[in-house]
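Visitor: One structure, as structure tokens, below. Some questions next.
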Amino acid sequence: ITGDNDPPTATSSSARVSEEGLPLVGIPDTDGNDDFTNSTTYDSSIIDPNQSGTGQITITDVDINDTHTVTLTAPTDALTSNGDPISCAGSGSQQIVGSVNGVVIITISINNYDDKNVVNYSVSLTGPVDHPDPDAEDVVSFNVPVNVFDGTDTSSGALTINVEDDSPTIIADFNAIIANEVGNSLTAPLDINFGGDGPNTTTPIDLNGPTDIN
């Protein structure tokens, strides 16, 4: 009697990283409705209270003698960084690298699996990812398929990557009185931090004018 091969299965998982942790430019805070971490990395193989994710991926297969190969597929989402398309390379391997003009923005990696059929993964954010709402610290999410091949059949789970947004800050710590006379002017210092996204390439600063002139 020869039985049919049963395909393996892989659980889904998720990881969360934040632009607020980008070196030199990120602004860690608790703003936004979905702010859970300030970390730019997630590693499912370690326990770290500063990172946020749902943990390891588990492979199951009723054909207990099968040998499995685990790979990633690049996301199909149209991701951008400062308006430029993020190109994701590495489909069919164990590492996906998203980059813009040769500059790495995000890296997603997995190992194969251990003797407990557990797959660990890591995510590293090294540059900003554009978010849909320009007026809020929101979250952009995309899926990276995790493929398990047992030599005959392939099944897929999903690794969901959530990228928290960063937002700029501006402090105008200055009070002054200027006489209402033609030709008078005033120069005031502004403390501006553009945050993890950096300045807008076209209009980084938009002056709307005073709102309390009587």
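Going by the structure tokens order, chains are called A, B, ..., each with residues numbered from 1, while ligands are numbered from 1 in the order shown.
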Residues within 12 Å of Thr54 in chain A, please, as a VMD selection string. Count only C-alpha atoms; anything in the same chain fewer than 2 positions from it doesn't count.

Guide: chain A and resid 11 to 16 42 to 47 51 to 52 56 to 58 120 to 122 159 to 162

Visitor: Just to be explicit: take each residue in the selection above, keep C-alpha atoms, and write the result as a CSV table (one decimal), in the first residue's frame.

Guide:
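And here is the file that came out, selection-v3.csv:
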```
chain,number,residue,atom,x,y,z
A,11,THR,CA,2.0,28.9,11.0
A,12,SER,CA,1.9,32.6,10.4
A,13,SER,CA,3.6,35.2,12.5
A,14,SER,CA,4.3,38.9,12.7
A,15,ALA,CA,7.0,41.4,13.7
A,16,ARG,CA,6.9,45.1,14.4
A,42,TYR,CA,13.0,42.0,15.8
A,43,ASP,CA,14.5,38.6,16.4
A,44,SER,CA,12.2,35.7,17.2
A,45,SER,CA,15.0,33.7,18.7
A,46,ILE,CA,15.5,36.0,21.7
A,47,ILE,CA,13.3,37.4,24.4
A,51,GLN,CA,10.9,44.4,20.7
A,52,SER,CA,7.4,43.5,19.5
A,56,GLN,CA,8.5,31.7,16.0
A,57,ILE,CA,7.0,29.9,13.0
A,58,THR,CA,6.2,26.3,13.5
A,120,ASN,CA,13.2,31.7,13.7
A,121,TYR,CA,13.3,35.0,11.8
A,122,SER,CA,14.6,38.5,12.1
A,159,LEU,CA,5.1,36.7,8.0
A,160,THR,CA,3.5,40.1,8.5
A,161,ILE,CA,5.8,43.0,8.9
A,162,ASN,CA,4.5,46.1,10.7
```

Visitor: Sorted by chain and rising residue number, list the residues of range 144-179 of chain A at most 10 Å from range 89-103 of chain A (counting only C-alpha atoms), each with its closest atom pair and distance in Å to one decimal, as a Markdown table.

Guide:
```
| residue | atom | partner | partner_atom | distance |
| --- | --- | --- | --- | --- |
| A:Val144 | CA | A:Ile96 | CA | 8.8 |
| A:Pro145 | CA | A:Ser91 | CA | 9.6 |
| A:Val146 | CA | A:Gln94 | CA | 9.1 |
| A:Asn147 | CA | A:Gly92 | CA | 8.5 |
```

Visitor: Could you check the closest approach to Tyr113 in chain A for each of A:Asp29, A:Ala179, A:His131, A:Ala10 and tell me which residue wins, using only C-alpha atoms?

Guide: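 Under the stated criterion, the closest residue is A:Ala10.
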
Visitor: Neighbouring residues of Phe36 in chain A were defined as those with any atom within 10 Å, considering only C-alpha atoms; residues of the same chain fewer than 3 positions away were excluded. Please report them as a PyMOL selection string.

Guide: chain A and resi 16-18+29-33+39+50-53+164

Visitor: Mind pulling up the distance from CA of Gly127 in chain A to CA of Pro23 in chain A?

Guide: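 Rounded to one decimal, the two atoms are 9.4 Å apart.
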
Visitor: Find the residues near Asp133 in chain A: any atom within 12 Å, counting only C-alpha atoms, skip ones fewer than 5 places away on the same chain, and give them as a list in words.

Guide: Gly32, Asp138, Val139, Val140, Glu164, Asp165, Asp166 and Ser167 of chain A

Visitor: Considering only C-alpha atoms, state which residue in the set A:Ser87, A:Thr107, A:Asn184, A:Asn5 is at the smallest distance from Thr41 in chain A.

Guide: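 Using only C-alpha atoms, Thr41 in chain A sits closest to A:Thr107.
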
Visitor: Determine, counting only C-alpha atoms, which protein, DNA and RNA residues have an atom within 12 Å of an atom of Asp150 in chain A; residues of the same chain fewer than 3 positions away are not included. Present the result as a ChimeraX atom specification.

Guide: /A:5-10,59-71,147,153-156

Visitor: Between CA of Thr40 in chain A and CA of Val123 in chain A, what is the spacing in Å?

Guide: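 Straight-line distance from CA of Val123 in chain A to CA of Thr40 in chain A works out to 8.0 Å.
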
Visitor: Between CA of Asp135 in chain A and CA of Ile108 in chain A, what distance in Å does the model show, to one decimal?

Guide: 28.0 Å

Visitor: Measuring atom to atom with only C-alpha atoms, identify which of A:Ile178, A:Asn112, A:Thr187, A:Ile105 is nearest to Leu79 in chain A.

Guide: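 Smallest separation from Leu79 in chain A among the options: A:Ile105.
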
Visitor: I need the strand (DSSP E or B) residues of range 108-152 of chain A per DSSP on the backbone, written as a PyMOL selection string.

Guide: chain A and resi 108-110+118-119+121-125+139-149

Visitor: Measuring between only C-alpha atoms, which one of A:Pro128, A:Gly21, A:Gly151, A:Gly83 shows the shortest distance to Val104 in chain A?

Guide: A:Pro128
